[in-house]
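> This is the content of my_file.txt (compact mmCIF, C-alpha atoms):
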# COMPACT_ATOMS: atom_id res chain seq x y z
CA MET A 1 153.41 164.50 79.52
CA TRP A 2 153.22 160.99 78.12
CA GLY A 3 149.51 160.62 78.47
CA THR A 4 149.98 157.25 80.05
CA ASP A 5 148.69 155.66 83.22
CA ILE A 6 151.68 154.98 85.45
CA ARG A 7 149.67 153.33 88.19
CA PRO A 8 150.31 149.84 86.79
CA MET A 9 154.01 150.53 87.10
CA PHE A 10 153.69 151.44 90.76
CA THR A 11 151.45 148.43 91.30
CA ASP A 12 154.17 146.32 89.76
CA ILE A 13 156.79 147.90 92.00
CA GLU A 14 154.66 147.14 95.05
CA ARG A 15 154.86 143.47 94.10
CA LEU A 16 158.49 143.56 95.19
CA ALA A 17 157.09 143.19 98.69
CA ASP A 18 155.98 139.68 97.68
CA VAL A 19 159.42 138.46 96.66
CA PRO A 20 160.13 135.29 98.62
CA VAL A 21 162.49 135.52 101.56
CA GLY A 22 166.02 134.62 100.50
CA ALA A 23 165.46 135.48 96.86
CA LEU A 24 168.08 137.53 95.06
CA ALA A 25 166.78 140.45 93.02
CA LEU A 26 168.53 142.82 90.62
CA ASP A 27 167.23 146.33 89.98
CA VAL A 28 168.99 147.92 87.01
CA PRO A 29 169.16 150.74 86.18
CA CYS A 30 167.98 151.65 89.65
CA GLY A 31 168.32 155.40 89.06
CA GLY A 32 167.42 157.33 92.16
CA GLY A 33 165.77 154.32 93.78
CA LEU A 34 162.32 154.45 92.21
CA ALA A 35 161.62 150.81 93.01
CA PHE A 36 162.74 150.95 96.64
CA ARG A 37 159.23 151.88 97.64
CA GLY A 38 158.33 148.26 96.98
CA LEU A 39 160.82 146.95 99.54
CA ARG A 40 159.83 146.27 103.10
CA THR A 41 162.02 146.86 106.10
CA GLY A 42 163.17 143.77 107.95
CA ARG A 43 162.41 141.41 105.08
CA ALA A 44 165.30 139.12 104.22
CA VAL A 45 165.38 139.75 100.50
CA ARG A 46 168.77 140.25 98.92
CA TYR A 47 168.51 143.19 96.58
CA VAL A 48 171.18 144.46 94.23
CA ALA A 49 170.62 148.01 92.98
CA ALA A 50 172.81 148.79 90.00
CA ASP A 51 173.30 151.89 87.90
CA ILE A 52 176.00 153.16 85.58
CA SER A 53 176.02 156.56 87.24
CA PRO A 54 177.78 157.01 90.60
CA TYR A 55 175.68 160.09 91.13
CA MET A 56 172.44 158.17 90.69
CA LEU A 57 173.73 155.48 93.03
CA GLN A 58 174.42 158.18 95.57
CA ARG A 59 170.86 159.39 95.21
CA ALA A 60 169.64 155.81 95.45
CA ARG A 61 171.56 155.33 98.71
CA ARG A 62 169.91 158.40 100.14
CA GLU A 63 166.50 157.16 99.03
CA ALA A 64 167.16 153.76 100.61
CA GLY A 65 168.22 155.46 103.84
CA ARG A 66 165.09 157.55 103.81
CA ARG A 67 162.96 154.44 103.46
CA GLY A 68 164.99 152.45 105.98
CA VAL A 69 165.78 149.62 103.54
CA GLN A 70 169.49 150.33 103.02
CA ASP A 71 170.62 147.20 104.88
CA ALA A 72 168.95 144.92 102.38
CA ILE A 73 170.48 146.64 99.35
CA GLU A 74 173.86 146.20 97.78
CA PHE A 75 174.72 149.13 95.53
CA VAL A 76 176.75 148.29 92.47
CA GLU A 77 178.05 150.43 89.63
CA ALA A 78 177.20 148.48 86.51
CA ASP A 79 176.50 148.83 82.82
CA VAL A 80 173.24 147.06 82.08
CA THR A 81 174.53 146.10 78.65
CA ALA A 82 177.63 144.44 80.16
CA LEU A 83 176.76 143.19 83.60
CA GLN A 84 179.53 141.79 85.76
CA PHE A 85 177.30 139.16 87.33
CA ALA A 86 177.56 135.48 86.56
CA ASP A 87 174.95 133.68 84.47
CA ALA A 88 171.79 132.63 86.29
CA SER A 89 172.58 134.68 89.39
CA PHE A 90 169.22 136.27 90.12
CA ASP A 91 165.73 135.06 90.86
CA LEU A 92 164.21 138.35 89.78
CA CYS A 93 165.36 141.21 87.57
CA VAL A 94 163.45 144.48 87.47
CA THR A 95 164.08 147.41 85.16
CA TYR A 96 161.82 150.45 85.40
CA ASN A 97 161.90 153.30 82.90
CA GLY A 98 165.48 152.82 81.89
CA LEU A 99 165.62 150.74 78.73
CA HIS A 100 164.44 153.55 76.48
CA CYS A 101 167.46 155.63 77.49
CA LEU A 102 169.90 153.08 76.15
CA PRO A 103 171.49 153.04 72.71
CA ASP A 104 170.91 149.31 72.56
CA PRO A 105 168.04 148.06 74.72
CA ARG A 106 168.34 144.65 73.11
CA ALA A 107 171.80 144.19 74.59
CA ALA A 108 170.45 145.15 77.99
CA LEU A 109 167.60 142.66 77.76
CA GLY A 110 170.06 139.99 76.69
CA GLU A 111 172.15 140.67 79.75
CA LEU A 112 169.15 140.68 82.07
CA VAL A 113 168.10 137.32 80.73
CA ARG A 114 171.64 135.98 81.03
CA VAL A 115 171.93 136.80 84.72
CA LEU A 116 168.45 135.49 85.43
CA ARG A 117 168.20 131.92 86.64
CA PRO A 118 166.08 129.53 84.59
CA GLY A 119 162.49 130.11 85.59
CA GLY A 120 163.32 133.49 87.05
CA THR A 121 161.25 136.60 86.46
CA LEU A 122 161.97 139.75 84.49
CA ARG A 123 159.65 142.70 85.01
CA GLY A 124 159.81 146.32 84.08
CA THR A 125 158.56 149.25 82.10
CA SER A 126 159.85 151.25 79.20
CA CYS A 127 158.63 153.96 76.88
CA VAL A 128 157.97 152.62 73.41
CA THR A 129 156.96 154.13 70.12
CA GLY A 130 153.50 153.86 68.67
CA ARG A 131 151.44 155.21 71.57
CA GLY A 132 150.41 158.34 69.72
CA PRO A 133 151.73 161.22 67.63
CA ARG A 134 152.56 163.39 70.62
CA GLN A 135 154.39 160.62 72.43
CA ASP A 136 156.25 159.65 69.29
CA ALA A 137 157.24 163.26 68.73
CA LEU A 138 158.60 163.44 72.25
CA ILE A 139 160.53 160.24 71.76
CA ALA A 140 161.94 161.43 68.45
CA MET A 141 162.94 164.71 70.00
CA SER A 142 164.49 163.04 73.00
CA ARG A 143 166.42 160.74 70.71
CA ARG A 144 167.72 163.71 68.85
CA ALA A 145 168.80 165.23 72.17
CA GLY A 146 170.66 161.99 72.82
CA VAL A 147 168.78 160.95 75.96
CA PHE A 148 166.51 158.31 74.51
CA GLY A 149 168.82 155.90 72.83
CA LYS A 150 169.68 156.17 69.18
CA ARG A 151 167.34 156.68 66.30
CA SER A 152 168.41 153.39 64.86
CA ALA A 153 168.28 151.59 68.17
CA HIS A 154 166.50 148.29 68.36
CA ARG A 155 163.18 148.79 69.95
CA PRO A 156 162.64 147.00 73.24
CA ASN A 157 159.29 145.64 72.19
CA ARG A 158 160.80 144.23 69.03
CA ALA A 159 163.59 142.63 70.97
CA LEU A 160 161.05 141.16 73.34
CA ALA A 161 159.07 139.73 70.51
CA GLN A 162 162.13 137.95 69.28
CA GLY A 163 162.77 135.64 72.10
CA ILE A 164 162.46 136.78 75.67
CA ARG A 165 158.93 137.88 75.75
CA PRO A 166 157.10 135.53 78.10
CA ARG A 167 158.19 136.94 81.40
CA TRP A 168 157.88 140.58 80.44
CA ARG A 169 155.03 142.42 82.00
CA GLU A 170 153.69 145.00 79.63
CA SER A 171 152.65 147.50 82.24
CA ARG A 172 152.96 150.36 79.79
CA ALA A 173 150.94 149.51 76.76
CA GLN A 174 153.57 148.53 74.27
CA ARG A 175 151.92 146.26 71.82
CA SER A 176 152.75 148.23 68.77
CA SER A 177 156.10 148.31 67.10
CA ARG A 178 155.36 151.34 65.00
CA VAL A 179 158.17 153.78 64.76
CA PHE A 180 158.28 157.50 64.18
CA ARG A 181 159.80 158.27 60.79
CA GLY A 182 160.50 161.96 60.96
CA ALA A 183 157.49 163.56 59.34
CA VAL A 184 154.15 164.14 60.94
CA ALA A 185 151.00 165.12 59.21
CA VAL A 186 149.30 167.75 61.29
CA SER A 187 145.64 167.26 60.78
CA LYS A 188 142.43 167.20 62.67
CA THR A 189 143.98 169.79 64.92
CA GLY A 190 140.93 171.65 65.93
CA GLY A 191 138.92 169.12 64.01
CA LEU A 192 139.63 170.63 60.62
CA MET A 193 140.52 168.99 57.39
CA GLY A 194 141.58 170.81 54.29
CA ASP A 195 142.25 170.48 50.65
CA HIS A 196 145.27 168.60 49.63
CA VAL A 197 147.78 170.83 47.89
CA ALA A 198 150.52 169.38 45.82
CA GLY A 199 153.72 171.22 45.12
CA ALA A 200 155.58 172.20 48.26
CA HIS A 201 154.49 168.92 49.83
CA ASN A 202 155.59 166.52 47.18
CA ASP A 203 158.76 165.55 48.92
CA LEU A 204 157.08 164.99 52.23
CA HIS A 205 156.26 161.67 53.67
CA SER A 206 152.50 161.77 53.72
CA ASP A 207 152.18 162.11 49.98
CA GLN A 208 152.77 158.40 49.85
CA GLY A 209 149.76 157.67 51.96
CA THR A 210 149.82 155.66 55.11
CA ARG A 211 152.88 153.51 55.36
CA LYS A 212 152.89 150.12 56.92
CA GLY A 213 153.25 150.49 60.62
CA GLU A 214 152.48 154.18 60.66
CA HIS A 215 150.36 155.68 63.38
CA PRO A 216 146.67 155.13 62.57
CA GLY A 217 145.70 158.66 63.57
CA ARG A 218 147.35 160.26 60.58
CA SER A 219 144.99 162.04 58.23
CA ARG A 220 144.87 161.07 54.59
CA ASP A 221 144.14 164.64 53.65
CA PRO A 222 145.90 167.06 55.99
CA ILE A 223 145.79 170.83 55.87
CA ILE A 224 149.55 170.97 55.78
CA LYS A 225 152.31 168.51 56.37
CA VAL A 226 154.99 169.46 58.77
CA HIS A 227 158.55 168.86 57.82
CA ASP A 228 160.08 167.92 61.13
CA ILE A 229 159.94 168.39 64.85
CA ALA A 230 161.29 171.77 65.90
CA TRP A 231 161.41 171.41 69.66
CA VAL A 232 159.52 170.35 72.74
CA GLU A 233 158.93 172.75 75.60
CA PHE A 234 158.91 172.12 79.29
CA GLU A 235 158.56 174.11 82.45
CA LYS A 236 160.63 173.33 85.51
CA PRO A 237 160.59 175.12 88.84
CA ASP A 238 164.28 174.71 89.56
CA LEU A 239 166.43 175.24 86.51
CA PHE A 240 169.66 175.32 88.43
CA GLY A 241 168.84 172.04 90.14
CA LEU A 242 168.04 170.55 86.75
CA LYS A 243 171.38 171.71 85.42
CA ARG A 244 173.21 170.19 88.39
CA PHE A 245 171.33 166.93 87.95
CA ARG A 246 172.25 166.74 84.29
CA GLU A 247 175.86 167.48 84.98
CA ARG A 248 176.09 164.73 87.56
CA SER A 249 173.95 161.99 86.09
CA ALA A 250 174.85 159.56 83.38
CA LEU A 251 172.79 161.68 81.00
CA ALA A 252 175.14 164.64 81.24
CA PRO A 253 177.28 164.05 78.14
CA GLN A 254 174.26 163.72 75.90
CA PHE A 255 172.48 166.66 77.46
CA ALA A 256 175.48 168.80 76.66
CA ARG A 257 174.42 168.78 73.04
CA PRO A 258 173.22 172.04 71.61
CA THR A 259 169.69 170.73 71.22
CA SER A 260 169.13 171.07 74.95
CA CYS A 261 169.27 174.26 76.83
CA ILE A 262 168.67 175.79 80.18
CA CYS A 263 167.01 179.12 80.48
CA ALA A 264 168.22 180.65 83.68
CA ALA A 265 165.62 183.37 83.95
CA PRO A 266 161.84 183.38 83.73
CA ILE A 267 160.76 184.35 80.26
CA PRO A 268 157.29 185.79 79.85
CA ALA A 269 156.34 184.66 76.38
CA HIS A 270 158.78 182.30 74.80
CA PRO A 271 162.00 180.75 75.95
CA THR A 272 165.26 181.45 74.31
CA CYS A 273 168.28 179.30 74.06
CA MET B 274 164.36 171.06 73.85
CA LEU B 275 163.36 174.29 75.49
CA ILE B 276 162.99 174.61 79.21
CA GLN B 277 161.76 177.65 81.02
CA ARG B 278 161.11 178.30 84.63
CA GLY B 279 157.57 177.61 85.75
CA PRO B 280 155.65 176.97 88.94
CA ARG B 281 155.72 173.20 88.46
CA SER B 282 157.27 170.58 86.22
CA ARG B 283 155.14 170.16 83.16
CA PHE B 284 155.23 169.50 79.45
CA VAL B 285 154.22 172.69 77.68
CA ALA B 286 154.15 172.08 73.96
CA ALA B 287 155.61 170.34 70.97
CA ALA B 288 156.65 172.50 68.04
CA TYR B 289 156.95 171.30 64.46
CA THR B 290 158.59 172.97 61.52
CA ALA B 291 156.45 173.65 58.49
CA GLN B 292 157.92 173.51 55.03
CA ASP B 293 157.68 177.28 54.71
CA GLN B 294 155.88 180.30 56.11
CA SER B 295 153.01 180.00 53.67
CA ASP B 296 152.15 176.68 55.25
CA VAL B 297 151.99 178.30 58.67
CA LEU B 298 149.70 180.96 57.26
CA ARG B 299 147.56 178.33 55.54
CA LEU B 300 147.23 176.41 58.77
CA ALA B 301 146.33 179.56 60.69
CA GLU B 302 143.65 180.45 58.16
CA ALA B 303 142.19 176.98 58.17
CA THR B 304 142.00 176.86 61.95
CA GLY B 305 140.87 180.43 62.52
CA THR B 306 143.97 181.40 64.45
CA ARG B 307 146.61 184.04 63.91
CA ILE B 308 150.25 183.62 63.20
CA ARG B 309 152.70 185.43 65.41
CA ALA B 310 156.37 186.26 65.19
CA LEU B 311 158.68 184.19 67.32
CA PRO B 312 161.20 185.96 69.53
CA GLU B 313 164.24 187.21 67.71
CA SER B 314 166.45 184.58 69.26
CA LEU B 315 164.39 181.86 67.58
CA GLY B 316 163.25 183.74 64.52
CA GLY B 317 160.42 182.98 62.15
CA VAL B 318 156.70 182.71 62.73
CA ALA B 319 154.44 180.32 64.59
CA VAL B 320 150.86 179.30 64.91
CA ASP B 321 149.68 177.83 68.20
CA LEU B 322 147.00 175.16 68.17
CA ILE B 323 145.42 172.89 70.72
CA ASP B 324 145.28 169.21 69.88
CA PRO B 325 142.20 167.13 70.70
CA GLY B 326 143.92 166.02 73.88
CA GLY B 327 144.25 169.58 75.06
CA MET B 328 147.97 169.88 74.49
CA THR B 329 149.54 172.86 72.77
CA VAL B 330 150.98 172.16 69.34
CA ARG B 331 153.01 174.84 67.63
CA VAL B 332 153.85 174.88 63.94
CA VAL B 333 156.75 177.15 63.10
CA ALA B 334 158.68 178.27 60.06
CA GLY B 335 161.87 180.25 59.76
CA ASN B 336 162.48 183.36 57.74
Show the structure stored in the file as structure tokens.


Amino acid sequence: MWGTDIRPMFTDIERLADVPVGALALDVPCGGGLAFRGLRTGRAVRYVAADISPYMLQRARREAGRRGVQDAIEFVEADVTALQFADASFDLCVTYNGLHCLPDPRAALGELVRVLRPGGTLRGTSCVTGRGPRQDALIAMSRRAGVFGKRSAHRPNRALAQGIRPRWRESRAQRSSRVFRGAVAVSKTGGLMGDHVAGAHNDLHSDQGTRKGEHPGRSRDPIIKVHDIAWVEFEKPDLFGLKRFRERSALAPQFARPTSCICAAPIPAHPTC
Amino acid sequence: MLIQRGPRSRFVAAAYTAQDQSDVLRLAEATGTRIRALPESLGGVAVDLIDPGGMTVRVVAGN
């Protein structure tokens, strides 16, 4: 879906096995225990797995039990933007695929740095804008659905650039700070370019040419210019399970917005909502 | 966000709104594809394209 290579993320998670004995690590938001695969049974690492959702913590406990690492993990309900831990508590903080869900990733990064001891390590991954038109469209749509932070949210990569960058491992390419602005020029789709037509398009973004920071793939002379994103479509094998998950996870309130929907029956051509 | 049941979890398509139906038609003509009516519950028309990465891109316009 994202057109990204997630192997570096799993490689990074595997590095948890190298954490020195006796070190104290914080994994937040731990979600369903994605990073537990990096833990090794019988290794005396103190590991705090924190999440704001009791349901996700419950899933994380199950995952830890399945992997036999539950004894090393302390499960804590916590808001990553307001952690209850003292300053300089942890030797290592990891945060995988969670920051982009937050309204204010900058606050979360600030907290992670606060609870990290001097010289400690912060590692993680996050979706960022500027990877490509499709990815940016998905991010914009997800933001509109309320599950990807706010449209005006500070971008994690920008926050990183402003002070706490050195220890961050950019395992998802996130060098760009370009941001999706709401209008996409559809061009080169099928390799075609067309005449530029004024009139209906005058109020659309791309009439002003490429803006600073805009995605470099945008055509200067598109066939048409789209006005907005309409929707993104997914297929899922278990719609009822998805609905249950949404109801129980921290994402539930946002998912309850009318922009998301569950289709309870297979639909041959197009979904309805 | 539209989700329908399928054999596996996958991203299907992104759909964009055109300024009006004539833009959808113009895009269809330029790309050698046909416009089609969307289901009644959604309304409007759409043209389905494949981006260079192989993903489906729909451009839609209402009535």

> Taking all atoms listed in the file into account, which of A:Arg244, A:Pro237, A:Phe75, A:Val45 comes nearest chain B?

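Among A:Arg244, A:Pro237, A:Phe75, A:Val45, it is A:Pro237 that comes nearest to chain B.
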
> Name the closest residue to Arg309 in chain B among the candidates B:Asp324, B:Asp293, B:Val332, B:Ala288; distances are taken between atoms, counting all atoms listed in the file.

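Ranked by minimum distance to Arg309 in chain B, first place goes to B:Val332.
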
> In Å, with one decimal, what is the gap from CA of Ile52 in chain A to CA of Ser282 in chain B?

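About the pair CA of Ile52 in chain A and CA of Ser282 in chain B: they are 25.6 Å apart.
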
> Would you compute the box with edges along x, y and z of the file around range 297-308 of chain B, including every atom the file lists for it and 3 Å extra on each side, and give its centre and edge lengths in Å to one decimal, as AutoDock Vina command-line options?


--center_x 146.4 --center_y 180.2 --center_z 60.0 --size_x 17.1 --size_y 13.6 --size_z 14.9

> Return the single residue from B:Gly335, B:Ala303, B:Gln294, B:Ile308 that is closest to chain A, with distances computed using all atoms listed in the file.

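Nearest to chain A: B:Ala303.
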
> Which residue is closest to chain A? Choose from B:Leu298, B:Ala310, B:Met328, B:Leu275 and count all atoms listed in the file.

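Comparing B:Leu298, B:Ala310, B:Met328, B:Leu275 against chain A, the winner is B:Leu275.
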
> Can you tell me how far CA of Gly327 in chain B sits from CA of Ala286 in chain B, in Å to one decimal?

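Those two atoms sit 10.3 Å apart.
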
> Can you work out the spacing between CA of Gly119 in chain A and CA of Ala86 in chain A in Å, to one decimal?

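CA of Ala86 in chain A lies at a distance of 16.0 Å from CA of Gly119 in chain A.
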
> Using all atoms listed in the file, which of A:Ile13, A:Ala78, A:Leu239, A:Leu116 sits nearest chain B?

A:Leu239

> Determine the nearest neighbour of chain B from the options A:Phe240, A:Tyr96, A:Phe234, A:Phe245, counting all atoms listed in the file.

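Among the listed residues, A:Phe234 lies closest to chain B.
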
> Set out as a Markdown table a contact list for range 39-72 of chain A and range 89-95 of chain A with a cut-off of 12 Å, giving each residue of range 39-72 of chain A that qualifies its closest atom pair and distance in Å to one decimal, counting only C-alpha atoms, ordered by chain and rising residue number.


| residue | atom | partner | partner_atom | distance |
| --- | --- | --- | --- | --- |
| A:Val45 | CA | A:Asp91 | CA | 10.7 |
| A:Arg46 | CA | A:Phe90 | CA | 9.7 |
| A:Tyr47 | CA | A:Leu92 | CA | 9.4 |
| A:Val48 | CA | A:Phe90 | CA | 9.4 |
| A:Ala49 | CA | A:Val94 | CA | 9.7 |
| A:Ala50 | CA | A:Thr95 | CA | 10.1 |
| A:Asp51 | CA | A:Thr95 | CA | 10.6 |

> Using all atoms listed in the file, what residues lie at most 8 Å away from (164.0, 144.9, 82.1) (file coordinates), given as a ChimeraX atom specification?

/A:28,93-96,99,108-109,112,122-125,168

> Taking only C-alpha atoms into account and nothing else, which residues of chain B lie no more than 8 Å away from chain A? Please answer as a ChimeraX atom specification.

/B:274-292,296,299-300,303-304,311-312,314-315,322-325,332-333

> Extract range 301-324 of chain B from the preceding block and save N, CA and C atoms as an mmCIF file, in the first residue's frame.


data_model
loop_
_atom_site.group_PDB
_atom_site.id
_atom_site.type_symbol
_atom_site.label_atom_id
_atom_site.label_comp_id
_atom_site.auth_asym_id
_atom_site.auth_seq_id
_atom_site.Cartn_x
_atom_site.Cartn_y
_atom_site.Cartn_z
ATOM 1 N N ALA B 301 -10.814 10.746 -19.844
ATOM 2 C CA ALA B 301 -11.090 9.453 -20.474
ATOM 3 C C ALA B 301 -10.689 9.487 -21.949
ATOM 4 N N GLU B 302 -11.022 10.573 -22.605
ATOM 5 C CA GLU B 302 -10.682 10.686 -24.031
ATOM 6 C C GLU B 302 -9.175 10.723 -24.234
ATOM 7 N N ALA B 303 -8.508 11.440 -23.372
ATOM 8 C CA ALA B 303 -7.058 11.580 -23.527
ATOM 9 C C ALA B 303 -6.327 10.279 -23.224
ATOM 10 N N THR B 304 -6.918 9.434 -22.426
ATOM 11 C CA THR B 304 -6.233 8.200 -22.039
ATOM 12 C C THR B 304 -6.815 6.976 -22.733
ATOM 13 N N GLY B 305 -7.789 7.205 -23.606
ATOM 14 C CA GLY B 305 -8.356 6.082 -24.353
ATOM 15 C C GLY B 305 -9.178 5.137 -23.501
ATOM 16 N N THR B 306 -9.752 5.645 -22.449
ATOM 17 C CA THR B 306 -10.593 4.806 -21.602
ATOM 18 C C THR B 306 -12.025 5.334 -21.640
ATOM 19 N N ARG B 307 -12.914 4.617 -21.005
ATOM 20 C CA ARG B 307 -14.320 4.996 -21.020
ATOM 21 C C ARG B 307 -14.742 5.441 -19.631
ATOM 22 N N ILE B 308 -15.646 6.371 -19.596
ATOM 23 C CA ILE B 308 -16.193 6.722 -18.292
ATOM 24 C C ILE B 308 -17.320 5.748 -17.981
ATOM 25 N N ARG B 309 -17.587 5.606 -16.716
ATOM 26 C CA ARG B 309 -18.686 4.715 -16.318
ATOM 27 C C ARG B 309 -19.449 5.392 -15.180
ATOM 28 N N ALA B 310 -20.674 4.998 -15.024
ATOM 29 C CA ALA B 310 -21.492 5.555 -13.945
ATOM 30 C C ALA B 310 -21.125 4.850 -12.649
ATOM 31 N N LEU B 311 -21.039 5.604 -11.605
ATOM 32 C CA LEU B 311 -20.816 5.013 -10.291
ATOM 33 C C LEU B 311 -22.142 4.461 -9.762
ATOM 34 N N PRO B 312 -22.073 3.546 -8.806
ATOM 35 C CA PRO B 312 -23.317 3.037 -8.237
ATOM 36 C C PRO B 312 -24.168 4.182 -7.690
ATOM 37 N N GLU B 313 -25.428 3.946 -7.624
ATOM 38 C CA GLU B 313 -26.365 4.988 -7.227
ATOM 39 C C GLU B 313 -26.043 5.567 -5.852
ATOM 40 N N SER B 314 -25.559 4.688 -4.982
ATOM 41 C CA SER B 314 -25.267 5.141 -3.622
ATOM 42 C C SER B 314 -24.149 6.178 -3.595
ATOM 43 N N LEU B 315 -23.263 6.121 -4.579
ATOM 44 C CA LEU B 315 -22.185 7.110 -4.645
ATOM 45 C C LEU B 315 -22.560 8.241 -5.603
ATOM 46 N N GLY B 316 -23.128 7.872 -6.724
ATOM 47 C CA GLY B 316 -23.537 8.863 -7.697
ATOM 48 C C GLY B 316 -22.386 9.375 -8.542
ATOM 49 N N GLY B 317 -22.712 9.930 -9.682
ATOM 50 C CA GLY B 317 -21.689 10.524 -10.531
ATOM 51 C C GLY B 317 -21.057 9.533 -11.483
ATOM 52 N N VAL B 318 -19.946 9.972 -12.072
ATOM 53 C CA VAL B 318 -19.244 9.141 -13.050
ATOM 54 C C VAL B 318 -17.780 9.014 -12.643
ATOM 55 N N ALA B 319 -17.124 8.022 -13.239
ATOM 56 C CA ALA B 319 -15.725 7.782 -12.903
ATOM 57 C C ALA B 319 -14.966 7.315 -14.126
ATOM 58 N N VAL B 320 -13.683 7.578 -14.106
ATOM 59 C CA VAL B 320 -12.791 6.945 -15.066
ATOM 60 C C VAL B 320 -11.696 6.260 -14.259
ATOM 61 N N ASP B 321 -11.389 5.027 -14.645
ATOM 62 C CA ASP B 321 -10.399 4.246 -13.908
ATOM 63 C C ASP B 321 -9.110 4.179 -14.718
ATOM 64 N N LEU B 322 -8.025 4.554 -14.079
ATOM 65 C CA LEU B 322 -6.726 4.559 -14.749
ATOM 66 C C LEU B 322 -5.730 3.754 -13.927
ATOM 67 N N ILE B 323 -4.640 3.409 -14.552
ATOM 68 C CA ILE B 323 -3.575 2.708 -13.841
ATOM 69 C C ILE B 323 -2.363 3.624 -13.801
ATOM 70 N N ASP B 324 -1.851 3.885 -12.640
ATOM 71 C CA ASP B 324 -0.684 4.776 -12.571
ATOM 72 C C ASP B 324 0.584 4.002 -12.951
#
